[in-house]
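Trainee: Sending over query00.cif (mmCIF, C-alpha atoms, pLDDT in the B column; chains and numbers go by the auth columns).
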data_structure
loop_
_atom_site.group_PDB
_atom_site.id
_atom_site.type_symbol
_atom_site.label_atom_id
_atom_site.label_comp_id
_atom_site.label_asym_id
_atom_site.label_seq_id
_atom_site.Cartn_x
_atom_site.Cartn_y
_atom_site.Cartn_z
_atom_site.B_iso_or_equiv
_atom_site.auth_seq_id
_atom_site.auth_asym_id
ATOM 1 C CA MET A 1 112.316 0.623 9.464 37.00 1 A
ATOM 2 C CA LYS A 2 113.803 4.085 9.659 42.00 2 A
ATOM 3 C CA LEU A 3 112.442 6.368 12.383 45.00 3 A
ATOM 4 C CA PRO A 4 111.425 9.903 11.375 48.00 4 A
ATOM 5 C CA THR A 5 113.851 12.657 12.218 55.00 5 A
ATOM 6 C CA ASP A 6 113.001 15.176 14.910 69.00 6 A
ATOM 7 C CA ASP A 7 112.837 17.888 12.243 74.00 7 A
ATOM 8 C CA PHE A 8 110.374 15.867 10.186 75.00 8 A
ATOM 9 C CA LEU A 9 108.182 15.269 13.247 79.00 9 A
ATOM 10 C CA LYS A 10 108.355 18.939 14.251 84.00 10 A
ATOM 11 C CA ASN A 11 107.343 19.929 10.731 88.00 11 A
ATOM 12 C CA GLU A 12 104.397 17.520 10.808 87.00 12 A
ATOM 13 C CA ILE A 13 103.306 18.847 14.215 88.00 13 A
ATOM 14 C CA ASN A 14 103.540 22.442 12.977 89.00 14 A
ATOM 15 C CA GLN A 15 101.452 21.547 9.909 92.00 15 A
ATOM 16 C CA MET A 16 98.874 19.834 12.126 88.00 16 A
ATOM 17 C CA LEU A 17 98.623 22.902 14.384 88.00 17 A
ATOM 18 C CA GLU A 18 98.464 25.340 11.483 92.00 18 A
ATOM 19 C CA ASN A 19 95.693 23.396 9.765 89.00 19 A
ATOM 20 C CA TYR A 20 93.834 23.075 13.051 88.00 20 A
ATOM 21 C CA LYS A 21 94.026 26.846 13.676 90.00 21 A
ATOM 22 C CA ASN A 22 92.717 27.455 10.151 91.00 22 A
ATOM 23 C CA GLY A 23 89.755 25.131 10.657 88.00 23 A
ATOM 24 C CA LYS A 24 91.058 22.486 8.262 91.00 24 A
ATOM 25 C CA PHE A 25 90.130 19.670 10.619 88.00 25 A
ATOM 26 C CA ASP A 26 90.286 16.818 8.090 90.00 26 A
ATOM 27 C CA ILE A 27 93.882 17.650 7.161 91.00 27 A
ATOM 28 C CA SER A 28 94.800 18.182 10.797 91.00 28 A
ATOM 29 C CA LEU A 29 93.141 14.877 11.708 90.00 29 A
ATOM 30 C CA ASN A 30 95.190 12.948 9.145 92.00 30 A
ATOM 31 C CA LEU A 31 98.399 14.592 10.337 90.00 31 A
ATOM 32 C CA ALA A 32 97.538 13.851 13.979 91.00 32 A
ATOM 33 C CA LEU A 33 96.908 10.190 13.206 92.00 33 A
ATOM 34 C CA SER A 34 100.191 10.026 11.298 90.00 34 A
ATOM 35 C CA ILE A 35 102.091 11.591 14.208 90.00 35 A
ATOM 36 C CA LEU A 36 100.531 9.187 16.704 92.00 36 A
ATOM 37 C CA LYS A 37 101.583 6.202 14.579 92.00 37 A
ATOM 38 C CA LYS A 38 105.167 7.366 15.018 88.00 38 A
ATOM 39 C CA ASN A 39 104.828 8.601 18.597 90.00 39 A
ATOM 40 C CA PRO A 40 101.706 7.174 20.329 92.00 40 A
ATOM 41 C CA LYS A 41 102.280 9.189 23.519 93.00 41 A
ATOM 42 C CA HIS A 42 102.686 12.618 21.931 91.00 42 A
ATOM 43 C CA ASN A 43 100.328 14.406 24.306 94.00 43 A
ATOM 44 C CA LEU A 44 99.899 17.637 22.342 91.00 44 A
ATOM 45 C CA THR A 45 98.764 15.608 19.351 93.00 45 A
ATOM 46 C CA ILE A 46 96.399 13.564 21.529 95.00 46 A
ATOM 47 C CA LYS A 47 94.857 16.802 22.876 95.00 47 A
ATOM 48 C CA ILE A 48 94.474 18.246 19.376 92.00 48 A
ATOM 49 C CA LEU A 49 92.910 14.999 18.188 94.00 49 A
ATOM 50 C CA GLY A 50 90.418 15.187 21.068 96.00 50 A
ATOM 51 C CA SER A 51 89.547 18.714 20.037 94.00 51 A
ATOM 52 C CA ILE A 52 89.191 17.767 16.363 94.00 52 A
ATOM 53 C CA TYR A 53 86.820 14.947 17.263 95.00 53 A
ATOM 54 C CA GLU A 54 84.852 17.363 19.443 95.00 54 A
ATOM 55 C CA GLN A 55 84.599 19.830 16.543 91.00 55 A
ATOM 56 C CA GLN A 56 83.332 16.991 14.361 92.00 56 A
ATOM 57 C CA ASP A 57 80.787 16.061 17.063 95.00 57 A
ATOM 58 C CA LYS A 58 82.446 12.665 17.557 96.00 58 A
ATOM 59 C CA LEU A 59 82.086 12.943 21.306 97.00 59 A
ATOM 60 C CA ASP A 60 82.958 9.356 22.241 98.00 60 A
ATOM 61 C CA GLU A 61 86.234 9.567 20.305 97.00 61 A
ATOM 62 C CA SER A 62 86.934 12.985 21.796 97.00 62 A
ATOM 63 C CA LEU A 63 86.287 11.666 25.291 98.00 63 A
ATOM 64 C CA LYS A 64 88.755 8.809 24.726 98.00 64 A
ATOM 65 C CA MET A 65 91.466 11.197 23.550 97.00 65 A
ATOM 66 C CA TYR A 66 91.034 13.546 26.511 98.00 66 A
ATOM 67 C CA GLN A 67 91.101 10.596 28.905 98.00 67 A
ATOM 68 C CA LYS A 68 94.243 9.294 27.194 97.00 68 A
ATOM 69 C CA SER A 69 95.810 12.737 27.515 97.00 69 A
ATOM 70 C CA LEU A 70 94.971 12.897 31.226 98.00 70 A
ATOM 71 C CA ALA A 71 96.484 9.449 31.712 97.00 71 A
ATOM 72 C CA LEU A 72 99.742 10.980 30.469 96.00 72 A
ATOM 73 C CA ASP A 73 99.368 14.259 32.398 96.00 73 A
ATOM 74 C CA ASN A 74 96.546 14.559 34.928 97.00 74 A
ATOM 75 C CA ASN A 75 97.543 18.130 35.801 97.00 75 A
ATOM 76 C CA ASP A 76 96.524 19.807 32.542 97.00 76 A
ATOM 77 C CA PRO A 77 93.686 22.259 33.285 98.00 77 A
ATOM 78 C CA GLU A 78 92.815 22.729 29.592 97.00 78 A
ATOM 79 C CA VAL A 79 92.237 19.009 29.094 98.00 79 A
ATOM 80 C CA HIS A 80 90.082 18.831 32.240 98.00 80 A
ATOM 81 C CA ASN A 81 88.066 21.776 30.874 98.00 81 A
ATOM 82 C CA ASN A 82 87.703 20.173 27.431 98.00 82 A
ATOM 83 C CA LEU A 83 86.739 16.846 28.985 98.00 83 A
ATOM 84 C CA GLY A 84 84.132 18.677 31.071 98.00 84 A
ATOM 85 C CA LEU A 85 82.623 20.214 27.939 97.00 85 A
ATOM 86 C CA VAL A 86 82.402 16.857 26.190 98.00 86 A
ATOM 87 C CA LEU A 87 80.787 15.301 29.252 98.00 87 A
ATOM 88 C CA GLN A 88 78.361 18.227 29.412 97.00 88 A
ATOM 89 C CA LYS A 89 77.424 17.728 25.761 96.00 89 A
ATOM 90 C CA GLN A 90 76.797 14.056 26.520 97.00 90 A
ATOM 91 C CA GLY A 91 74.481 15.015 29.379 96.00 91 A
ATOM 92 C CA ARG A 92 76.860 13.633 31.989 98.00 92 A
ATOM 93 C CA LEU A 93 76.584 16.767 34.087 98.00 93 A
ATOM 94 C CA GLN A 94 77.907 15.506 37.427 97.00 94 A
ATOM 95 C CA GLU A 95 81.055 14.177 35.756 98.00 95 A
ATOM 96 C CA ALA A 96 81.374 17.389 33.775 98.00 96 A
ATOM 97 C CA MET A 97 81.147 19.409 36.981 98.00 97 A
ATOM 98 C CA LEU A 98 83.925 17.358 38.600 98.00 98 A
ATOM 99 C CA SER A 99 86.211 17.738 35.592 98.00 99 A
ATOM 100 C CA LEU A 100 85.622 21.491 35.431 98.00 100 A
ATOM 101 C CA LYS A 101 86.255 21.842 39.168 98.00 101 A
ATOM 102 C CA LYS A 102 89.539 19.968 38.699 98.00 102 A
ATOM 103 C CA ALA A 103 90.518 22.408 35.926 98.00 103 A
ATOM 104 C CA ILE A 104 89.821 25.340 38.263 98.00 104 A
ATOM 105 C CA THR A 105 91.708 23.706 41.128 98.00 105 A
ATOM 106 C CA LEU A 106 94.729 23.404 38.852 98.00 106 A
ATOM 107 C CA LYS A 107 94.340 26.959 37.508 98.00 107 A
ATOM 108 C CA PRO A 108 92.141 29.097 39.799 98.00 108 A
ATOM 109 C CA ASP A 109 91.879 32.021 37.347 97.00 109 A
ATOM 110 C CA PHE A 110 90.923 29.823 34.348 98.00 110 A
ATOM 111 C CA ILE A 111 88.055 32.027 33.168 97.00 111 A
ATOM 112 C CA ILE A 112 86.624 29.704 30.527 97.00 112 A
ATOM 113 C CA ALA A 113 86.544 26.742 32.946 98.00 113 A
ATOM 114 C CA ILE A 114 84.795 28.924 35.547 98.00 114 A
ATOM 115 C CA TYR A 115 82.318 30.023 32.873 98.00 115 A
ATOM 116 C CA ASN A 116 81.733 26.425 31.770 98.00 116 A
ATOM 117 C CA LEU A 117 81.257 25.345 35.380 98.00 117 A
ATOM 118 C CA GLY A 118 78.690 28.111 35.865 98.00 118 A
ATOM 119 C CA ASN A 119 76.765 26.923 32.822 97.00 119 A
ATOM 120 C CA THR A 120 76.967 23.281 33.934 98.00 120 A
ATOM 121 C CA LEU A 121 75.730 24.173 37.418 98.00 121 A
ATOM 122 C CA LYS A 122 72.857 26.089 35.849 97.00 122 A
ATOM 123 C CA GLU A 123 71.980 23.054 33.748 96.00 123 A
ATOM 124 C CA ILE A 124 72.073 20.856 36.872 96.00 124 A
ATOM 125 C CA GLY A 125 69.720 23.326 38.569 96.00 125 A
ATOM 126 C CA ASN A 126 72.196 24.677 41.107 97.00 126 A
ATOM 127 C CA LEU A 127 71.394 28.305 40.314 97.00 127 A
ATOM 128 C CA GLU A 128 73.075 29.853 43.374 96.00 128 A
ATOM 129 C CA ASP A 129 76.464 28.300 42.595 98.00 129 A
ATOM 130 C CA ALA A 130 75.984 29.027 38.894 98.00 130 A
ATOM 131 C CA GLU A 131 75.546 32.721 39.747 97.00 131 A
ATOM 132 C CA ILE A 132 78.659 32.674 41.945 97.00 132 A
ATOM 133 C CA ASN A 133 80.781 31.224 39.145 98.00 133 A
ATOM 134 C CA LEU A 134 79.422 33.527 36.459 97.00 134 A
ATOM 135 C CA LYS A 135 80.042 36.549 38.716 97.00 135 A
ATOM 136 C CA ARG A 136 83.589 35.295 39.267 97.00 136 A
ATOM 137 C CA CYS A 137 84.081 35.229 35.486 96.00 137 A
ATOM 138 C CA ILE A 138 82.991 38.827 35.309 96.00 138 A
ATOM 139 C CA GLU A 139 85.322 39.790 38.169 97.00 139 A
ATOM 140 C CA LEU A 140 88.218 38.248 36.243 97.00 140 A
ATOM 141 C CA LYS A 141 87.115 39.575 32.844 96.00 141 A
ATOM 142 C CA PRO A 142 84.736 42.540 33.232 94.00 142 A
ATOM 143 C CA ASN A 143 83.959 42.718 29.493 92.00 143 A
ATOM 144 C CA PHE A 144 82.879 39.040 29.163 94.00 144 A
ATOM 145 C CA ILE A 145 79.552 39.645 27.416 93.00 145 A
ATOM 146 C CA GLU A 146 78.489 35.976 27.286 94.00 146 A
ATOM 147 C CA ALA A 147 79.001 35.695 31.054 96.00 147 A
ATOM 148 C CA TYR A 148 76.644 38.650 31.581 94.00 148 A
ATOM 149 C CA ILE A 149 74.026 37.050 29.320 95.00 149 A
ATOM 150 C CA ASN A 150 74.201 33.723 31.126 96.00 150 A
ATOM 151 C CA LEU A 151 74.294 35.446 34.501 96.00 151 A
ATOM 152 C CA ALA A 152 71.137 37.391 33.630 96.00 152 A
ATOM 153 C CA ASN A 153 69.390 34.205 32.490 95.00 153 A
ATOM 154 C CA THR A 154 70.450 32.403 35.668 96.00 154 A
ATOM 155 C CA GLN A 155 69.356 35.297 37.865 96.00 155 A
ATOM 156 C CA SER A 156 66.012 35.411 36.094 95.00 156 A
ATOM 157 C CA GLU A 157 65.492 31.651 36.579 94.00 157 A
ATOM 158 C CA ASN A 158 66.389 32.177 40.233 93.00 158 A
ATOM 159 C CA ASN A 159 63.744 34.946 40.520 94.00 159 A
ATOM 160 C CA HIS A 160 66.406 37.614 41.028 94.00 160 A
ATOM 161 C CA PHE A 161 64.782 39.884 38.473 95.00 161 A
ATOM 162 C CA LYS A 162 66.389 43.187 39.528 96.00 162 A
ATOM 163 C CA ASP A 163 69.837 41.586 39.377 94.00 163 A
ATOM 164 C CA ALA A 164 68.997 40.080 35.988 94.00 164 A
ATOM 165 C CA GLU A 165 67.951 43.505 34.717 94.00 165 A
ATOM 166 C CA ARG A 166 71.256 45.042 35.912 94.00 166 A
ATOM 167 C CA SER A 167 73.244 42.235 34.254 94.00 167 A
ATOM 168 C CA LEU A 168 71.392 42.723 30.965 91.00 168 A
ATOM 169 C CA LYS A 169 71.932 46.487 31.071 93.00 169 A
ATOM 170 C CA LYS A 170 75.652 45.937 31.595 91.00 170 A
ATOM 171 C CA CYS A 171 75.669 43.456 28.722 89.00 171 A
ATOM 172 C CA ILE A 172 73.961 45.974 26.419 90.00 172 A
ATOM 173 C CA GLU A 173 76.411 48.673 27.492 90.00 173 A
ATOM 174 C CA LEU A 174 79.381 46.427 26.707 87.00 174 A
ATOM 175 C CA LYS A 175 77.873 45.383 23.370 85.00 175 A
ATOM 176 C CA GLN A 176 77.364 49.043 22.402 86.00 176 A
ATOM 177 C CA LYS A 177 80.969 49.883 23.308 83.00 177 A
ATOM 178 C CA ASP A 178 82.156 46.909 21.288 80.00 178 A
ATOM 179 C CA MET A 179 80.122 48.020 18.261 81.00 179 A
ATOM 180 C CA ILE A 180 81.457 51.580 18.528 82.00 180 A
ATOM 181 C CA LYS A 181 85.053 50.250 18.549 80.00 181 A
ATOM 182 C CA LYS A 182 84.325 48.188 15.434 79.00 182 A
ATOM 183 C CA ILE A 183 82.792 51.155 13.644 84.00 183 A
ATOM 184 C CA LYS A 184 85.758 53.382 14.484 80.00 184 A
ATOM 185 C CA ARG A 185 88.105 50.799 12.919 80.00 185 A
ATOM 186 C CA LEU A 186 86.272 51.037 9.566 74.00 186 A
#
Translate the structure of the given file into structure tokens.

Mentor:
Amino acid sequence: MKLPTDDFLKNEINQMLENYKNGKFDISLNLALSILKKNPKHNLTIKILGSIYEQQDKLDESLKMYQKSLALDNNDPEVHNNLGLVLQKQGRLQEAMLSLKKAITLKPDFIIAIYNLGNTLKEIGNLEDAEINLKRCIELKPNFIEAYINLANTQSENNHFKDAERSLKKCIELKQKDMIKKIKRL
């Protein structure tokens, strides 16, 4: 049996990524499976496959791919974040929290992992720590509208109504600025 050339494999990987970026998950899935037949430890493909399965709501398959990816490289903050999201969707909140914390340990300014941790903590009922993480998101990205919304909800659940009101006002202000920018581009 003849092994594929590096150029052929690179082309297949590029096609997989391009189709994935364009939301053509079925095509990307078939390419990923083809790549893994030739190179079962191609970690980028394993990560993409985990993401495709997550997009298709095949959470068990996604979980397996992310775990396989971490077995190859346990220091990838994006995979720890993605694994945390899958675990969160499965209701495995304590495990999700640990995976998200690992992502943040590996990359302390990883805004989306901090945001996801805040939401997971809120779901667990740890409102104080949820607030801390959502505020940290906003410190790192002051125009993160979703973080303001979730912060306001968390503050409200925590009976911090004045803080929730301030967070919502800031959210509205940012949303208005965003809309004005969009209108000016027309």

Trainee: Using all atoms listed in the file, can you tell me which of A:Asn39, A:Gln56, A:Thr45, A:Ser156 comes closest to A:Lys24?

Mentor: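 Using all atoms listed in the file, the shortest distance to A:Lys24 belongs to A:Gln56.
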
Trainee: Stretch 33-38 of chain A: which residues within 12 Å, counting only C-alpha atoms, same-chain residues fewer than 4 positions away excluded, as JSON, numbers by chain?

Mentor: {"A": [1, 2, 3, 4, 5, 6, 8, 9, 10, 11, 12, 13, 14, 15, 16, 17, 25, 26, 27, 28, 29, 42, 43, 44, 45, 46, 47, 48, 49, 50, 52, 53, 65]}

Trainee: Might you pull out every residue within 8 Å of stretch 72-81 of chain A, with all atoms listed in the file counted and same-chain residues fewer than 5 positions away left off, and present them as a list in words?

Mentor: Lys41, Asn43, Lys47, Tyr66, Ser99, Leu100, Lys102, Ala103, Ile104, Leu106, Lys107, Ala113 and Asn116 of chain A

Trainee: So which residues touch A:Leu63 within 8 Å, counting all atoms listed in the file, skipping near sequence neighbours fewer than 2 positions away, as a PyMOL selection string?

Mentor: chain A and resi 50+59-61+65-67+83+86-87

Trainee: Can you give me, as a list in words, the residues this file yields under the PyMOL selection byres ((chain A and resi 139-151) around 8)?

Mentor: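 In the shown coordinates, the PyMOL selection byres ((chain A and resi 139-151) around 8) covers Asp109, Ile111, Tyr115, Asn119, Ala130, Glu131, Leu134, Lys135, Arg136, Cys137, Ile138, Ala152, Asn153, Thr154, Gln155, Ala164, Ser167, Leu168, Lys170, Cys171, Leu174 and Lys175 of chain A.
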
Trainee: So what do you get for atom CA of A:Ala96 versus atom CA of A:Ile114, distance-wise?

Mentor: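 Here the two named atoms are 12.2 Å from each other.
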
Trainee: Quote the spacing between atom CA of A:Ile112 and atom CA of A:Met97 in Å to one decimal place.

Mentor: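 So the answer is 13.3 Å.
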
Trainee: In Å, with one decimal, what is the gap from atom CA of A:Arg92 to atom CA of A:Leu117?

Mentor: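 The value is 13.0 Å.
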
Trainee: Would you mind telling me which residue in A:Thr120, A:Thr105, A:Asp163, A:Asp178 lies nearest to A:Gly91 when using all atoms listed in the file?

Mentor: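 The closest residue to A:Gly91 is A:Thr120.
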
Trainee: Can you sort out stretch 60-71 of chain A so it carries all heavy atoms, written as a PDB file, keeping the file's coordinate frame?

Mentor:
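result_39.pdb, written as the output of this step:
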ATOM      1  N   ASP A  60      82.350  10.536  21.611  1.00 98.00           N
ATOM      2  CA  ASP A  60      82.958   9.356  22.241  1.00 98.00           C
ATOM      3  C   ASP A  60      84.455   9.284  21.936  1.00 98.00           C
ATOM      4  O   ASP A  60      85.261   9.000  22.831  1.00 98.00           O
ATOM      5  CB  ASP A  60      82.267   8.072  21.780  1.00 98.00           C
ATOM      6  CG  ASP A  60      80.861   7.920  22.351  1.00 98.00           C
ATOM      7  OD1 ASP A  60      80.579   8.531  23.409  1.00 98.00           O
ATOM      8  OD2 ASP A  60      80.048   7.206  21.738  1.00 98.00           O
ATOM      9  N   GLU A  61      84.817   9.570  20.682  1.00 97.00           N
ATOM     10  CA  GLU A  61      86.234   9.567  20.305  1.00 97.00           C
ATOM     11  C   GLU A  61      86.989  10.686  21.016  1.00 97.00           C
ATOM     12  O   GLU A  61      88.110  10.514  21.479  1.00 97.00           O
ATOM     13  CB  GLU A  61      86.404   9.698  18.785  1.00 97.00           C
ATOM     14  CG  GLU A  61      85.974   8.473  18.007  1.00 97.00           C
ATOM     15  CD  GLU A  61      84.501   8.506  17.612  1.00 97.00           C
ATOM     16  OE1 GLU A  61      83.730   9.302  18.197  1.00 97.00           O
ATOM     17  OE2 GLU A  61      84.115   7.733  16.727  1.00 97.00           O
ATOM     18  N   SER A  62      86.335  11.845  21.103  1.00 97.00           N
ATOM     19  CA  SER A  62      86.934  12.985  21.796  1.00 97.00           C
ATOM     20  C   SER A  62      87.181  12.653  23.261  1.00 97.00           C
ATOM     21  O   SER A  62      88.263  12.906  23.803  1.00 97.00           O
ATOM     22  CB  SER A  62      86.009  14.199  21.672  1.00 97.00           C
ATOM     23  OG  SER A  62      86.538  15.297  22.367  1.00 97.00           O
ATOM     24  N   LEU A  63      86.186  12.063  23.890  1.00 98.00           N
ATOM     25  CA  LEU A  63      86.287  11.666  25.291  1.00 98.00           C
ATOM     26  C   LEU A  63      87.481  10.732  25.502  1.00 98.00           C
ATOM     27  O   LEU A  63      88.270  10.919  26.432  1.00 98.00           O
ATOM     28  CB  LEU A  63      84.990  10.987  25.725  1.00 98.00           C
ATOM     29  CG  LEU A  63      84.861  10.573  27.166  1.00 98.00           C
ATOM     30  CD1 LEU A  63      84.657  11.781  28.056  1.00 98.00           C
ATOM     31  CD2 LEU A  63      83.694   9.609  27.322  1.00 98.00           C
ATOM     32  N   LYS A  64      87.637   9.759  24.615  1.00 98.00           N
ATOM     33  CA  LYS A  64      88.755   8.809  24.726  1.00 98.00           C
ATOM     34  C   LYS A  64      90.102   9.519  24.625  1.00 98.00           C
ATOM     35  O   LYS A  64      91.037   9.196  25.362  1.00 98.00           O
ATOM     36  CB  LYS A  64      88.644   7.728  23.646  1.00 98.00           C
ATOM     37  CG  LYS A  64      87.535   6.741  23.882  1.00 98.00           C
ATOM     38  CD  LYS A  64      87.411   5.774  22.709  1.00 98.00           C
ATOM     39  CE  LYS A  64      86.153   4.929  22.855  1.00 98.00           C
ATOM     40  NZ  LYS A  64      85.871   4.152  21.643  1.00 98.00           N
ATOM     41  N   MET A  65      90.196  10.482  23.716  1.00 97.00           N
ATOM     42  CA  MET A  65      91.466  11.197  23.550  1.00 97.00           C
ATOM     43  C   MET A  65      91.787  12.041  24.781  1.00 97.00           C
ATOM     44  O   MET A  65      92.924  12.061  25.250  1.00 97.00           O
ATOM     45  CB  MET A  65      91.440  12.084  22.300  1.00 97.00           C
ATOM     46  CG  MET A  65      91.475  11.319  20.989  1.00 97.00           C
ATOM     47  SD  MET A  65      92.968  10.328  20.806  1.00 97.00           S
ATOM     48  CE  MET A  65      92.309   8.689  20.980  1.00 97.00           C
ATOM     49  N   TYR A  66      90.788  12.732  25.321  1.00 98.00           N
ATOM     50  CA  TYR A  66      91.034  13.546  26.511  1.00 98.00           C
ATOM     51  C   TYR A  66      91.405  12.666  27.708  1.00 98.00           C
ATOM     52  O   TYR A  66      92.284  13.012  28.494  1.00 98.00           O
ATOM     53  CB  TYR A  66      89.831  14.431  26.836  1.00 98.00           C
ATOM     54  CG  TYR A  66      89.609  15.550  25.839  1.00 98.00           C
ATOM     55  CD1 TYR A  66      88.337  15.909  25.441  1.00 98.00           C
ATOM     56  CD2 TYR A  66      90.684  16.241  25.276  1.00 98.00           C
ATOM     57  CE1 TYR A  66      88.118  16.939  24.531  1.00 98.00           C
ATOM     58  CE2 TYR A  66      90.482  17.261  24.359  1.00 98.00           C
ATOM     59  CZ  TYR A  66      89.197  17.600  23.995  1.00 98.00           C
ATOM     60  OH  TYR A  66      89.000  18.620  23.090  1.00 98.00           O
ATOM     61  N   GLN A  67      90.753  11.513  27.818  1.00 98.00           N
ATOM     62  CA  GLN A  67      91.101  10.596  28.905  1.00 98.00           C
ATOM     63  C   GLN A  67      92.521  10.051  28.724  1.00 98.00           C
ATOM     64  O   GLN A  67      93.262   9.926  29.695  1.00 98.00           O
ATOM     65  CB  GLN A  67      90.084   9.453  28.977  1.00 98.00           C
ATOM     66  CG  GLN A  67      88.738   9.918  29.504  1.00 98.00           C
ATOM     67  CD  GLN A  67      87.643   8.873  29.367  1.00 98.00           C
ATOM     68  OE1 GLN A  67      87.673   8.014  28.489  1.00 98.00           O
ATOM     69  NE2 GLN A  67      86.641   8.965  30.241  1.00 98.00           N
ATOM     70  N   LYS A  68      92.881   9.766  27.486  1.00 97.00           N
ATOM     71  CA  LYS A  68      94.243   9.294  27.194  1.00 97.00           C
ATOM     72  C   LYS A  68      95.258  10.380  27.539  1.00 97.00           C
ATOM     73  O   LYS A  68      96.309  10.107  28.117  1.00 97.00           O
ATOM     74  CB  LYS A  68      94.341   8.902  25.717  1.00 97.00           C
ATOM     75  CG  LYS A  68      95.646   8.281  25.322  1.00 97.00           C
ATOM     76  CD  LYS A  68      95.610   7.818  23.862  1.00 97.00           C
ATOM     77  CE  LYS A  68      96.913   7.179  23.457  1.00 97.00           C
ATOM     78  NZ  LYS A  68      96.885   6.680  22.078  1.00 97.00           N
ATOM     79  N   SER A  69      94.928  11.618  27.208  1.00 97.00           N
ATOM     80  CA  SER A  69      95.810  12.737  27.515  1.00 97.00           C
ATOM     81  C   SER A  69      95.989  12.886  29.020  1.00 97.00           C
ATOM     82  O   SER A  69      97.106  13.096  29.514  1.00 97.00           O
ATOM     83  CB  SER A  69      95.246  14.028  26.922  1.00 97.00           C
ATOM     84  OG  SER A  69      96.050  15.130  27.280  1.00 97.00           O
ATOM     85  N   LEU A  70      94.891  12.766  29.770  1.00 98.00           N
ATOM     86  CA  LEU A  70      94.971  12.897  31.226  1.00 98.00           C
ATOM     87  C   LEU A  70      95.727  11.732  31.856  1.00 98.00           C
ATOM     88  O   LEU A  70      96.345  11.899  32.912  1.00 98.00           O
ATOM     89  CB  LEU A  70      93.578  13.033  31.831  1.00 98.00           C
ATOM     90  CG  LEU A  70      92.886  14.369  31.545  1.00 98.00           C
ATOM     91  CD1 LEU A  70      91.456  14.347  32.030  1.00 98.00           C
ATOM     92  CD2 LEU A  70      93.660  15.528  32.140  1.00 98.00           C
ATOM     93  N   ALA A  71      95.696  10.581  31.210  1.00 97.00           N
ATOM     94  CA  ALA A  71      96.484   9.449  31.712  1.00 97.00           C
ATOM     95  C   ALA A  71      97.979   9.753  31.608  1.00 97.00           C
ATOM     96  O   ALA A  71      98.772   9.287  32.418  1.00 97.00           O
ATOM     97  CB  ALA A  71      96.138   8.179  30.933  1.00 97.00           C
TER      98      ALA A  71
END
